[in-house]
Every structure is written in C-alpha cells, then in structure tokens.
Amino acid sequence: MQMKLLTAAAMLAAVGLGTLVSCGEAPSTHMGPDGNGVSLRNLADTPVAIDKDEQPRRLIQGTLVPTPSDTRSRHYLLRERKALNGTIIAVLREERGERVAYSRVEVDCQRRLFHVLGVGSSRAKVEVTRAYDGPLRSIEGLPLRQELAAFVCERSKTPLAPAPSSRI
C-alpha cells in the first residue's frame, strides 16, 4: 500500500512539473526602479502586462481597492487566503488604460510586511511565476503597498497592525 502511495505521489509530482515547464513562462525577475523588488505602481507599464483586448472577455470578479496614492491605475483584489504561517497571499489585478497585469503578493498584517511573489499577464500565469522581490519587508514609506496591505488584511479579517509612530 505504501509503495502505491509513493508511486502515485511521484506521478502527480511529474505531471505537475511538466505542467509548469510546458506553460512556457520563465520565472519573472522584474525589478523596481531602485533594483530592489517589483514596482507594483508601474506593473502595467512593464513587458509583463498585456492589452485588455488580448485577454478573453470575462467579468472581473474582484473588488476595487481604493488607492489614492495611484490615481492612474485601478487595482482589484481577486483572491486572498491565509497561508500556514499566518501571512495572507493575495492575487491582484492592475489596470492602466488598456493595459492589464497581475501580481501575487504576501502580506504579514501583524508585522506590517509585504512582498511580491509573482507577476504575470494573466491570473493563471501569476499563480505559477515567481518575481524576485526579496524577503518580506516594511510597508512604511510605500503608500501604494500600505493601501494594498490594509485592504488585503481587512478583507481577510486580520487587522493591519498600527504604524510604529501611532503605537502607544
């Protein structure tokens, strides 16, 4: 019985690896302007974004995120889930003009940390690509990331800790 389980697990792993390799999307390494991470503010301006008319016409079933710091783009929260380590993994869609891009981010609501896990031209691609954004790091001084983190944390019913200067 144990051998059958191991064989089945090996077959599933091989099929999963084949799916990842066959999708043709190499890991993404879109760096921000400072060379330290992915810039979500300008993701729709990068080669990862595509024109809206290149995507199948589907109703966006996401929630518009209020982002006063980025009035040129519209950001949608498509999905969020709690990871085993307590952080929140979220899939976001950014629209700017006729361009659209997706990102998968991780938010640590208790410690006010954020980083980008993946970027892509579709929701499916963003789930399997990786973006080098470094480790989870502070959202202080990054208004767009603060707005996105606050919204993601609120939606997941995990309050974002107060900013350090407002702690008593």
# chains A, B, ... in the order shown; residues from 1 in each chain; ligands from 1

call {"tool": "residues_around", "arguments": {"residues": "stretch 85-88 of chain A", "least_positions_apart": "4", "cutoff": "7 Å", "atoms": "only C-alpha atoms", "output": "list in words"}}
result
Glu80, Arg81, Glu106, Val107, Asp108 and Cys109 of chain A

call {"tool": "closest_atom_pairs", "arguments": {"of": "stretch 42-97 of chain A", "to": "stretch 123-133 of chain A", "cutoff": "9 Å", "atoms": "only C-alpha atoms", "output": "JSON lines"}}
result
{"residue": "A:Leu78", "atom": "CA", "partner": "A:Arg123", "partner_atom": "CA", "distance": 8.9}
{"residue": "A:Val91", "atom": "CA", "partner": "A:Arg123", "partner_atom": "CA", "distance": 7.8}
{"residue": "A:Leu92", "atom": "CA", "partner": "A:Arg123", "partner_atom": "CA", "distance": 8.6}
{"residue": "A:Arg93", "atom": "CA", "partner": "A:Arg123", "partner_atom": "CA", "distance": 8.0}

call {"tool": "write_last_selection", "arguments": {"atoms": "C-alpha atoms", "output": "compact mmCIF listing (two decimals), in the first residue's frame"}}
result
# COMPACT_ATOMS: atom_id res chain seq x y z
CA LEU A 78 -9.22 38.97 -6.91
CA VAL A 91 -3.87 37.97 -6.17
CA LEU A 92 -4.24 41.49 -7.54
CA ARG A 93 -5.09 42.88 -10.98

call {"tool": "residues_around", "arguments": {"residues": "stretch 145-148 of chain A", "least_positions_apart": "2", "cutoff": "9 Å", "atoms": "only C-alpha atoms", "output": "list in words"}}
result
Leu40, Arg41, Val65, Pro66, Thr67, Pro68, Ser69, His75, Leu77, Arg112, Phe114, His115, Ile139, Glu140, Gly141, Leu142, Pro143, Ala150, Phe151, Val152 and Cys153 of chain A

call {"tool": "write_last_selection", "arguments": {"atoms": "C-alpha atoms", "output": "mmCIF file, in the first residue's frame"}}
result
data_model
loop_
_atom_site.group_PDB
_atom_site.id
_atom_site.type_symbol
_atom_site.label_atom_id
_atom_site.label_comp_id
_atom_site.auth_asym_id
_atom_site.auth_seq_id
_atom_site.Cartn_x
_atom_site.Cartn_y
_atom_site.Cartn_z
ATOM 1 C CA LEU A 40 3.513 47.457 -8.387
ATOM 2 C CA ARG A 41 2.847 51.109 -9.166
ATOM 3 C CA VAL A 65 -9.125 48.583 -3.970
ATOM 4 C CA PRO A 66 -9.111 52.282 -3.052
ATOM 5 C CA THR A 67 -5.606 53.518 -3.882
ATOM 6 C CA PRO A 68 -5.473 57.310 -3.514
ATOM 7 C CA SER A 69 -1.701 57.214 -3.991
ATOM 8 C CA HIS A 75 -6.221 47.814 -8.543
ATOM 9 C CA LEU A 77 -8.299 42.234 -5.202
ATOM 10 C CA ARG A 112 3.272 45.351 8.501
ATOM 11 C CA PHE A 114 4.776 42.932 2.245
ATOM 12 C CA HIS A 115 6.444 41.448 -0.826
ATOM 13 C CA ILE A 139 5.486 48.952 4.009
ATOM 14 C CA GLU A 140 6.493 52.202 5.745
ATOM 15 C CA GLY A 141 7.128 54.955 3.222
ATOM 16 C CA LEU A 142 5.450 52.971 0.417
ATOM 17 C CA PRO A 143 1.902 54.387 0.159
ATOM 18 C CA ALA A 150 -4.549 47.465 4.579
ATOM 19 C CA PHE A 151 -7.256 46.339 2.152
ATOM 20 C CA VAL A 152 -5.994 42.749 1.932
ATOM 21 C CA CYS A 153 -5.721 42.493 5.728
#

call {"tool": "select_by_dssp", "arguments": {"residues": "stretch 49-155 of chain A", "states": "strand (DSSP E)", "output": "number ranges by chain"}}
result
A: 50-51, 63-65, 74-82, 88-96, 99-108, 113-120, 137-138

call {"tool": "closest_residue", "arguments": {"among": "A:Leu84, A:Leu117, A:Val105, A:Val100", "to": "A:Asp51", "atoms": "only C-alpha atoms"}}
result
A:Val100

call {"tool": "closest_residue", "arguments": {"among": "A:Ala163, A:Ala149, A:Leu144, A:Val119", "to": "A:Leu43", "atoms": "only C-alpha atoms"}}
result
A:Val119

call {"tool": "atom_distance", "arguments": {"atom1": "atom CA of A:Ala101", "atom2": "atom CA of A:Ala161"}}
result
28.4 Å
